[in-house]
Amino acid sequence: MHAITIEQPGGPEALVWADVPDPVPGEGEVLVEVAASAVNRADVLQRQGFYDPPPGASRLPGLECSGRIAALGAGVSGWSVGDEVCALLAGGGYAQRVAVPAGQLLPVPAGVDLVTAAALPEVVTTVWSNVFMVAGLRPGETLLVHGGASGIGTMAIQLGKAVGATVAVTAGGPEKLARCKELGADVLVDYREQDFVAAVREATGGAGADVILDIMGAKYLGRNVDALAVNGRLAVIGLQGGVKGELNLGALLAKRAAITATSLRARPLEEKAAIVAAVREHVWPLVASGRVRPVVHAAFPMRDAAEAHRALESGAHVGKLLLTV
């Protein structure tokens, strides 16, 4: 088959469309004929040599895909050859075929076409596991989403609104904020011009955000704690602003607040399967009803993955960038 390979870490030009051996599904896995994959920040880090796949995972980039089941490994039940699916991956999505643990498969939801479904697995599992399963966002609470125009952000806005939360977002510039508003965001903060701590406090009558979904890490750590409400929960899922920050434990203690930091890629299979099952139960009905939808900025032929990476790194996109086979 053909796949995007990374012979040497580097810039987008390090992504090369090449012949590689076909994957073989092991016990508990299925082989998916890929229709599309999607670009994630983790793919960029892997390309640069900073984020190796976990042991046993494909060395090829790509953390999600959509396609049709081509073969079933031993012990797989509940799926059939020809089923249209999308999947959460530990790697291997930038390819014509990929082997996937059966617990990480989802049916393509009603109302979503096969290619567009590739925009769903990574963002939905990330948002649901962090904002709801870990941070426990409840109706009536306030959710602050950093990077509201990103793939993660556009999904977090919609899911927050779907459960009855007030959603605040940060994004760069009026055009991106306008798109966030279209998706349901209530409080719009241009991080280039405004202080998000002051904006969130003003919007909440001084209370602050009950849950914050953060992609920045160290750069925002102190201000995120300042922006939290009493009993607030900060979920850190990205480190775009650095890995080491100073934390005022007194401020955290005074608010009886909590900080969690998680990633999906290296979690045990059973944990990923539990998250995927929760998404299928709670989120897929929202997608099927049209209340939540994938937001796709553009699609590129998979052989042109380098161009898609350049588009992601430019920061001009809203939502997801797809790679089509």
# chains A, B, ... in the order shown; residues from 1 in each chain; ligands from 1
$ residues_around --residues "segment 200-215 of chain A" --least-positions-apart "3" --cutoff "7 Å" --atoms "only C-alpha atoms" --output "short mmCIF file (atom, residue, chain, number, x, y, z; two decimals) with N, CA and C atoms, in the first residue's frame"
data_model
loop_
_atom_site.label_atom_id
_atom_site.label_comp_id
_atom_site.auth_asym_id
_atom_site.auth_seq_id
_atom_site.Cartn_x
_atom_site.Cartn_y
_atom_site.Cartn_z
N VAL A 131 -13.58 17.07 29.23
CA VAL A 131 -14.56 18.05 29.71
C VAL A 131 -15.67 17.38 30.52
N ALA A 135 -13.52 16.32 33.99
CA ALA A 135 -13.88 17.59 34.63
C ALA A 135 -15.34 17.67 35.04
N LEU A 137 -18.28 18.60 33.51
CA LEU A 137 -19.09 19.77 33.19
C LEU A 137 -20.57 19.45 33.32
N GLU A 141 -23.23 25.38 34.15
CA GLU A 141 -21.87 25.81 34.46
C GLU A 141 -21.28 26.58 33.27
N THR A 142 -20.10 27.18 33.52
CA THR A 142 -19.40 27.92 32.47
C THR A 142 -18.15 27.16 32.07
N LEU A 143 -18.01 26.95 30.77
CA LEU A 143 -16.84 26.29 30.19
C LEU A 143 -16.03 27.32 29.41
N LEU A 144 -14.73 27.40 29.69
CA LEU A 144 -13.82 28.25 28.93
C LEU A 144 -12.97 27.35 28.05
N VAL A 145 -13.00 27.61 26.75
CA VAL A 145 -12.25 26.82 25.77
C VAL A 145 -11.18 27.69 25.13
N HIS A 146 -9.93 27.34 25.35
CA HIS A 146 -8.85 28.05 24.66
C HIS A 146 -8.67 27.46 23.26
N PHE A 196 -8.23 37.33 29.04
CA PHE A 196 -9.34 36.38 29.18
C PHE A 196 -9.79 36.24 30.63
N VAL A 197 -8.89 36.47 31.59
CA VAL A 197 -9.30 36.38 33.00
C VAL A 197 -10.35 37.44 33.30
N ALA A 227 -8.65 32.45 36.54
CA ALA A 227 -9.95 32.48 35.87
C ALA A 227 -10.92 31.43 36.38
N LEU A 228 -10.44 30.48 37.18
CA LEU A 228 -11.31 29.42 37.68
C LEU A 228 -12.27 29.93 38.74
N ALA A 229 -13.45 29.34 38.76
CA ALA A 229 -14.41 29.57 39.83
C ALA A 229 -14.05 28.71 41.04
N GLY A 232 -13.54 24.96 40.70
CA GLY A 232 -13.30 24.86 39.27
C GLY A 232 -12.34 23.73 38.92
N ARG A 233 -12.39 23.34 37.64
CA ARG A 233 -11.55 22.24 37.17
C ARG A 233 -10.83 22.67 35.89
N LEU A 234 -9.51 22.58 35.90
CA LEU A 234 -8.68 22.93 34.75
C LEU A 234 -8.17 21.64 34.11
N ALA A 235 -8.50 21.43 32.84
CA ALA A 235 -8.05 20.25 32.10
C ALA A 235 -7.03 20.69 31.06
N VAL A 236 -5.79 20.28 31.23
CA VAL A 236 -4.71 20.64 30.33
C VAL A 236 -4.51 19.51 29.33
N ILE A 237 -4.65 19.82 28.03
CA ILE A 237 -4.52 18.78 27.00
C ILE A 237 -3.45 19.13 25.96
N GLY A 238 -2.79 20.28 26.12
CA GLY A 238 -1.77 20.68 25.16
C GLY A 238 -0.73 21.55 25.81
N LEU A 239 0.43 21.63 25.17
CA LEU A 239 1.57 22.35 25.74
C LEU A 239 2.15 23.33 24.73
N GLN A 240 1.27 23.96 23.94
CA GLN A 240 1.75 24.89 22.92
C GLN A 240 2.45 26.09 23.52
#
$ residues_around --residues "Asp22 of chain A" --least-positions-apart "6" --cutoff "9 Å" --atoms "only C-alpha atoms" --output "ChimeraX atom specification"
/A:1-2,96-98
$ closest_residue --among "A:Val287, A:Arg68, A:Ala118, A:Ala198" --to "Leu323 of chain A" --atoms "only C-alpha atoms"
A:Ala118
$ residues_around --residues "Gly184 of chain A" --least-positions-apart "4" --cutoff "8 Å" --atoms "only C-alpha atoms" --output "list in words"
Ile157, Gln158, Lys161, Val167 and Cys180 of chain A
$ write_last_selection --atoms "C-alpha atoms" --output "short mmCIF file (atom, residue, chain, number, x, y, z; two decimals), in the first residue's frame"
data_model
loop_
_atom_site.label_atom_id
_atom_site.label_comp_id
_atom_site.auth_asym_id
_atom_site.auth_seq_id
_atom_site.Cartn_x
_atom_site.Cartn_y
_atom_site.Cartn_z
CA ILE A 157 -18.20 24.67 21.94
CA GLN A 158 -20.92 22.50 20.47
CA LYS A 161 -23.86 24.09 24.50
CA VAL A 167 -19.34 28.62 26.71
CA CYS A 180 -17.12 30.45 17.27
#
$ residues_around --residues "Thr324 of chain A" --least-positions-apart "3" --cutoff "12 Å" --atoms "only C-alpha atoms" --output "PyMOL selection string"
chain A and resi 3+33-39+65-67+93-96+114-119+298-305+308+321
$ write_last_selection --atoms "C-alpha atoms" --output "PDB file, in the first residue's frame"
ATOM      1  CA  ALA A   3       1.370   5.740   3.095  1.00  0.00           C
ATOM      2  CA  GLU A  33      -9.591   0.552   4.002  1.00  0.00           C
ATOM      3  CA  VAL A  34      -9.021   4.249   4.645  1.00  0.00           C
ATOM      4  CA  ALA A  35     -11.183   6.882   2.964  1.00  0.00           C
ATOM      5  CA  ALA A  36      -9.747   9.826   4.889  1.00  0.00           C
ATOM      6  CA  SER A  37      -7.618  10.825   7.840  1.00  0.00           C
ATOM      7  CA  ALA A  38      -7.170  14.180   9.574  1.00  0.00           C
ATOM      8  CA  VAL A  39      -4.272  16.359  10.682  1.00  0.00           C
ATOM      9  CA  CYS A  65      -9.425   7.817  10.099  1.00  0.00           C
ATOM     10  CA  SER A  66     -12.643   6.870   8.376  1.00  0.00           C
ATOM     11  CA  GLY A  67     -13.218   4.084   5.881  1.00  0.00           C
ATOM     12  CA  GLY A  93      -3.925   6.903   9.729  1.00  0.00           C
ATOM     13  CA  TYR A  94      -1.916   8.527   6.924  1.00  0.00           C
ATOM     14  CA  ALA A  95      -2.180   5.380   4.822  1.00  0.00           C
ATOM     15  CA  GLN A  96      -4.421   3.449   2.459  1.00  0.00           C
ATOM     16  CA  LEU A 114     -17.718   8.812   5.029  1.00  0.00           C
ATOM     17  CA  VAL A 115     -14.904  11.293   4.343  1.00  0.00           C
ATOM     18  CA  THR A 116     -16.134  13.951   6.776  1.00  0.00           C
ATOM     19  CA  ALA A 117     -16.408  11.319   9.520  1.00  0.00           C
ATOM     20  CA  ALA A 118     -12.589  11.327   9.682  1.00  0.00           C
ATOM     21  CA  ALA A 119     -12.851  14.726  11.399  1.00  0.00           C
ATOM     22  CA  ALA A 298     -10.329  21.975   3.919  1.00  0.00           C
ATOM     23  CA  ALA A 299      -9.397  18.582   2.488  1.00  0.00           C
ATOM     24  CA  PHE A 300      -6.124  17.639   0.792  1.00  0.00           C
ATOM     25  CA  PRO A 301      -5.120  14.514  -1.129  1.00  0.00           C
ATOM     26  CA  MET A 302      -3.200  12.371   1.345  1.00  0.00           C
ATOM     27  CA  ARG A 303      -0.098  12.384  -0.855  1.00  0.00           C
ATOM     28  CA  ASP A 304      -0.071  16.179  -0.272  1.00  0.00           C
ATOM     29  CA  ALA A 305       0.072  15.858   3.512  1.00  0.00           C
ATOM     30  CA  ALA A 308      -1.956  20.170   4.952  1.00  0.00           C
ATOM     31  CA  LEU A 321      -7.996  19.617   7.959  1.00  0.00           C
TER      32      LEU A 321
END
$ select_by_dssp --residues "segment 180-294 of chain A" --states "strand (DSSP E)" --output "list in words"
Val187, Leu188, Val189, Asp190, Ala209, Asp210, Val211, Ile212, Leu213, Asp214, Leu228, Ala229, Val230, Asn231, Gly232, Arg233, Leu234, Ala235, Val236, Ala258, Ile259, Thr260 and Ala261 of chain A
$ write_last_selection --atoms "all heavy atoms" --output "short mmCIF file (atom, residue, chain, number, x, y, z; two decimals), in the first residue's frame"
data_model
loop_
_atom_site.label_atom_id
_atom_site.label_comp_id
_atom_site.auth_asym_id
_atom_site.auth_seq_id
_atom_site.Cartn_x
_atom_site.Cartn_y
_atom_site.Cartn_z
N VAL A 187 -19.38 33.83 25.07
CA VAL A 187 -18.42 34.85 25.48
C VAL A 187 -17.21 34.73 24.55
O VAL A 187 -16.59 33.67 24.46
CB VAL A 187 -17.98 34.65 26.94
CG1 VAL A 187 -17.00 35.74 27.35
CG2 VAL A 187 -19.20 34.62 27.86
N LEU A 188 -16.90 35.82 23.85
CA LEU A 188 -15.87 35.80 22.82
C LEU A 188 -14.70 36.67 23.25
O LEU A 188 -14.87 37.87 23.49
CB LEU A 188 -16.44 36.31 21.50
CG LEU A 188 -17.73 35.64 21.02
CD1 LEU A 188 -18.29 36.38 19.81
CD2 LEU A 188 -17.50 34.17 20.71
N VAL A 189 -13.50 36.07 23.34
CA VAL A 189 -12.33 36.79 23.81
C VAL A 189 -11.22 36.70 22.76
O VAL A 189 -10.76 35.61 22.42
CB VAL A 189 -11.81 36.20 25.14
CG1 VAL A 189 -10.62 37.02 25.64
CG2 VAL A 189 -12.92 36.15 26.18
N ASP A 190 -10.82 37.85 22.24
CA ASP A 190 -9.68 37.91 21.33
C ASP A 190 -8.41 37.96 22.17
O ASP A 190 -8.10 38.98 22.78
CB ASP A 190 -9.79 39.15 20.44
CG ASP A 190 -8.71 39.20 19.35
OD1 ASP A 190 -7.68 38.52 19.50
OD2 ASP A 190 -8.91 39.92 18.36
N ALA A 209 -14.77 30.64 35.57
CA ALA A 209 -15.16 29.47 34.78
C ALA A 209 -15.14 28.22 35.65
O ALA A 209 -14.20 28.00 36.42
CB ALA A 209 -14.22 29.29 33.59
N ASP A 210 -16.15 27.40 35.51
CA ASP A 210 -16.20 26.14 36.26
C ASP A 210 -15.25 25.10 35.67
O ASP A 210 -14.65 24.31 36.41
CB ASP A 210 -17.63 25.60 36.26
CG ASP A 210 -18.60 26.55 36.90
OD1 ASP A 210 -18.56 26.71 38.13
OD2 ASP A 210 -19.38 27.20 36.15
N VAL A 211 -15.13 25.08 34.35
CA VAL A 211 -14.22 24.16 33.66
C VAL A 211 -13.46 24.94 32.60
O VAL A 211 -14.04 25.75 31.88
CB VAL A 211 -14.99 23.00 33.00
CG1 VAL A 211 -14.04 22.12 32.17
CG2 VAL A 211 -15.72 22.15 34.04
N ILE A 212 -12.15 24.70 32.52
CA ILE A 212 -11.32 25.29 31.47
C ILE A 212 -10.64 24.16 30.71
O ILE A 212 -10.02 23.28 31.31
CB ILE A 212 -10.25 26.23 32.05
CG1 ILE A 212 -10.89 27.39 32.81
CG2 ILE A 212 -9.34 26.77 30.94
CD1 ILE A 212 -9.89 28.32 33.50
N LEU A 213 -10.76 24.18 29.39
CA LEU A 213 -10.07 23.24 28.51
C LEU A 213 -8.91 23.99 27.89
O LEU A 213 -9.11 24.92 27.10
CB LEU A 213 -11.02 22.71 27.45
CG LEU A 213 -10.47 21.60 26.54
CD1 LEU A 213 -10.13 20.34 27.33
CD2 LEU A 213 -11.45 21.28 25.42
N ASP A 214 -7.67 23.56 28.23
CA ASP A 214 -6.49 24.35 27.90
C ASP A 214 -5.53 23.60 26.99
O ASP A 214 -5.18 22.45 27.26
CB ASP A 214 -5.75 24.75 29.17
CG ASP A 214 -4.48 25.51 28.87
OD1 ASP A 214 -4.57 26.52 28.16
OD2 ASP A 214 -3.41 25.08 29.32
N LEU A 228 -10.44 30.48 37.18
CA LEU A 228 -11.31 29.42 37.68
C LEU A 228 -12.27 29.93 38.74
O LEU A 228 -11.95 30.80 39.54
CB LEU A 228 -10.49 28.29 38.29
CG LEU A 228 -9.84 27.28 37.36
CD1 LEU A 228 -8.96 26.33 38.17
CD2 LEU A 228 -10.89 26.49 36.57
N ALA A 229 -13.45 29.34 38.76
CA ALA A 229 -14.41 29.57 39.83
C ALA A 229 -14.05 28.71 41.04
O ALA A 229 -13.20 27.81 40.96
CB ALA A 229 -15.81 29.21 39.34
N VAL A 230 -14.69 28.97 42.14
CA VAL A 230 -14.56 28.07 43.30
C VAL A 230 -15.03 26.67 42.87
O VAL A 230 -16.04 26.53 42.17
CB VAL A 230 -15.39 28.60 44.48
CG1 VAL A 230 -15.43 27.59 45.62
CG2 VAL A 230 -14.82 29.93 44.96
N ASN A 231 -14.28 25.67 43.25
CA ASN A 231 -14.52 24.27 42.84
C ASN A 231 -14.33 24.08 41.33
O ASN A 231 -14.85 23.13 40.75
CB ASN A 231 -15.92 23.80 43.24
CG ASN A 231 -16.11 23.74 44.75
OD1 ASN A 231 -15.24 23.24 45.46
ND2 ASN A 231 -17.22 24.28 45.22
N GLY A 232 -13.54 24.96 40.70
CA GLY A 232 -13.30 24.86 39.27
C GLY A 232 -12.34 23.73 38.92
O GLY A 232 -11.58 23.24 39.76
N ARG A 233 -12.39 23.34 37.64
CA ARG A 233 -11.55 22.24 37.17
C ARG A 233 -10.83 22.67 35.89
O ARG A 233 -11.48 23.08 34.93
CB ARG A 233 -12.39 20.99 36.86
CG ARG A 233 -12.98 20.33 38.09
CD ARG A 233 -14.31 20.95 38.50
NE ARG A 233 -15.42 20.60 37.62
CZ ARG A 233 -16.59 21.23 37.61
NH1 ARG A 233 -16.83 22.28 38.40
NH2 ARG A 233 -17.55 20.82 36.79
N LEU A 234 -9.51 22.58 35.90
CA LEU A 234 -8.68 22.93 34.75
C LEU A 234 -8.17 21.64 34.11
O LEU A 234 -7.50 20.85 34.77
CB LEU A 234 -7.51 23.80 35.19
CG LEU A 234 -6.36 24.02 34.18
CD1 LEU A 234 -6.87 24.70 32.92
CD2 LEU A 234 -5.24 24.83 34.83
N ALA A 235 -8.50 21.43 32.84
CA ALA A 235 -8.05 20.25 32.10
C ALA A 235 -7.03 20.69 31.06
O ALA A 235 -7.37 21.38 30.10
CB ALA A 235 -9.24 19.56 31.44
N VAL A 236 -5.79 20.28 31.23
CA VAL A 236 -4.71 20.64 30.33
C VAL A 236 -4.51 19.51 29.33
O VAL A 236 -4.24 18.37 29.71
CB VAL A 236 -3.39 20.89 31.09
CG1 VAL A 236 -2.27 21.25 30.12
CG2 VAL A 236 -3.58 22.00 32.13
N ALA A 258 -9.11 22.03 40.97
CA ALA A 258 -8.34 20.86 40.57
C ALA A 258 -7.74 21.07 39.19
O ALA A 258 -8.34 21.72 38.33
CB ALA A 258 -9.24 19.63 40.55
N ILE A 259 -6.56 20.51 38.98
CA ILE A 259 -5.91 20.53 37.68
C ILE A 259 -5.63 19.10 37.25
O ILE A 259 -5.09 18.31 38.02
CB ILE A 259 -4.58 21.31 37.71
CG1 ILE A 259 -4.80 22.76 38.14
CG2 ILE A 259 -3.89 21.27 36.35
CD1 ILE A 259 -3.52 23.55 38.33
N THR A 260 -6.02 18.76 36.03
CA THR A 260 -5.68 17.47 35.46
C THR A 260 -4.96 17.70 34.14
O THR A 260 -5.18 18.70 33.46
CB THR A 260 -6.92 16.59 35.20
OG1 THR A 260 -7.80 17.28 34.30
CG2 THR A 260 -7.65 16.29 36.50
N ALA A 261 -4.10 16.77 33.78
CA ALA A 261 -3.40 16.82 32.50
C ALA A 261 -3.45 15.43 31.89
O ALA A 261 -3.05 14.46 32.53
CB ALA A 261 -1.95 17.27 32.70
#
$ residues_around --residues "Pro9 of chain A" --least-positions-apart "5" --cutoff "10 Å" --atoms "only C-alpha atoms" --output "list of chain:residue names"
A:Ala14, A:Leu15, A:Val44, A:Leu45, A:Gln46, A:Arg47, A:Gln48, A:Gly49, A:Phe50
$ residues_around --residues "Gly28 of chain A" --least-positions-apart "3" --cutoff "6 Å" --atoms "only C-alpha atoms" --output "ChimeraX atom specification"
/A:73-76,101-102
$ residues_around --residues "Gly56 of chain A" --least-positions-apart "6" --cutoff "12 Å" --atoms "only C-alpha atoms" --output "list of chain:residue names"
A:Gly26, A:Ala90, A:Gly91, A:Gly92, A:Ala99, A:Arg265, A:Ala266, A:Pro268, A:Leu269
$ write_last_selection --atoms "N, CA and C atoms" --output "PDB file, in the first residue's frame"
ATOM      1  N   GLY A  26      -4.304  -8.055  13.869  1.00  0.00           N
ATOM      2  CA  GLY A  26      -4.053  -9.066  14.882  1.00  0.00           C
ATOM      3  C   GLY A  26      -5.329  -9.445  15.605  1.00  0.00           C
ATOM      4  N   ALA A  90      -3.656   5.009  17.432  1.00  0.00           N
ATOM      5  CA  ALA A  90      -2.391   5.415  18.055  1.00  0.00           C
ATOM      6  C   ALA A  90      -1.360   5.778  17.007  1.00  0.00           C
ATOM      7  N   GLY A  91      -1.705   5.582  15.738  1.00  0.00           N
ATOM      8  CA  GLY A  91      -0.837   5.884  14.604  1.00  0.00           C
ATOM      9  C   GLY A  91      -1.327   5.125  13.387  1.00  0.00           C
ATOM     10  N   GLY A  92      -0.795   5.487  12.220  1.00  0.00           N
ATOM     11  CA  GLY A  92      -1.093   4.729  11.020  1.00  0.00           C
ATOM     12  C   GLY A  92      -2.192   5.259  10.149  1.00  0.00           C
ATOM     13  N   ALA A  99      -4.640  -1.117  10.606  1.00  0.00           N
ATOM     14  CA  ALA A  99      -5.207  -2.080  11.556  1.00  0.00           C
ATOM     15  C   ALA A  99      -5.611  -1.340  12.821  1.00  0.00           C
ATOM     16  N   ARG A 265      -3.152   9.176  23.366  1.00  0.00           N
ATOM     17  CA  ARG A 265      -2.443   8.259  22.481  1.00  0.00           C
ATOM     18  C   ARG A 265      -1.869   7.037  23.190  1.00  0.00           C
ATOM     19  N   ALA A 266      -1.270   7.241  24.368  1.00  0.00           N
ATOM     20  CA  ALA A 266      -0.581   6.145  25.042  1.00  0.00           C
ATOM     21  C   ALA A 266      -1.440   5.436  26.083  1.00  0.00           C
ATOM     22  N   PRO A 268      -3.955   2.780  27.819  1.00  0.00           N
ATOM     23  CA  PRO A 268      -4.219   1.362  27.560  1.00  0.00           C
ATOM     24  C   PRO A 268      -5.463   1.183  26.692  1.00  0.00           C
ATOM     25  N   LEU A 269      -5.502   0.081  25.955  1.00  0.00           N
ATOM     26  CA  LEU A 269      -6.611  -0.168  25.036  1.00  0.00           C
ATOM     27  C   LEU A 269      -7.957  -0.132  25.736  1.00  0.00           C
TER      28      LEU A 269
END
$ atom_distance --atom1 "atom CA of Asp43 of chain A" --atom2 "atom CA of Gly319 of chain A"
15.8 Å
$ select_by_dssp --residues "segment 24-261 of chain A" --states "alpha helix (DSSP H)" --output "PyMOL selection string"
chain A and resi 41-48+121-127+151-162+174-182+196-203+221-227+249-254
$ atom_distance --atom1 "atom CA of Val296 of chain A" --atom2 "atom CA of Lys320 of chain A"
4.6 Å
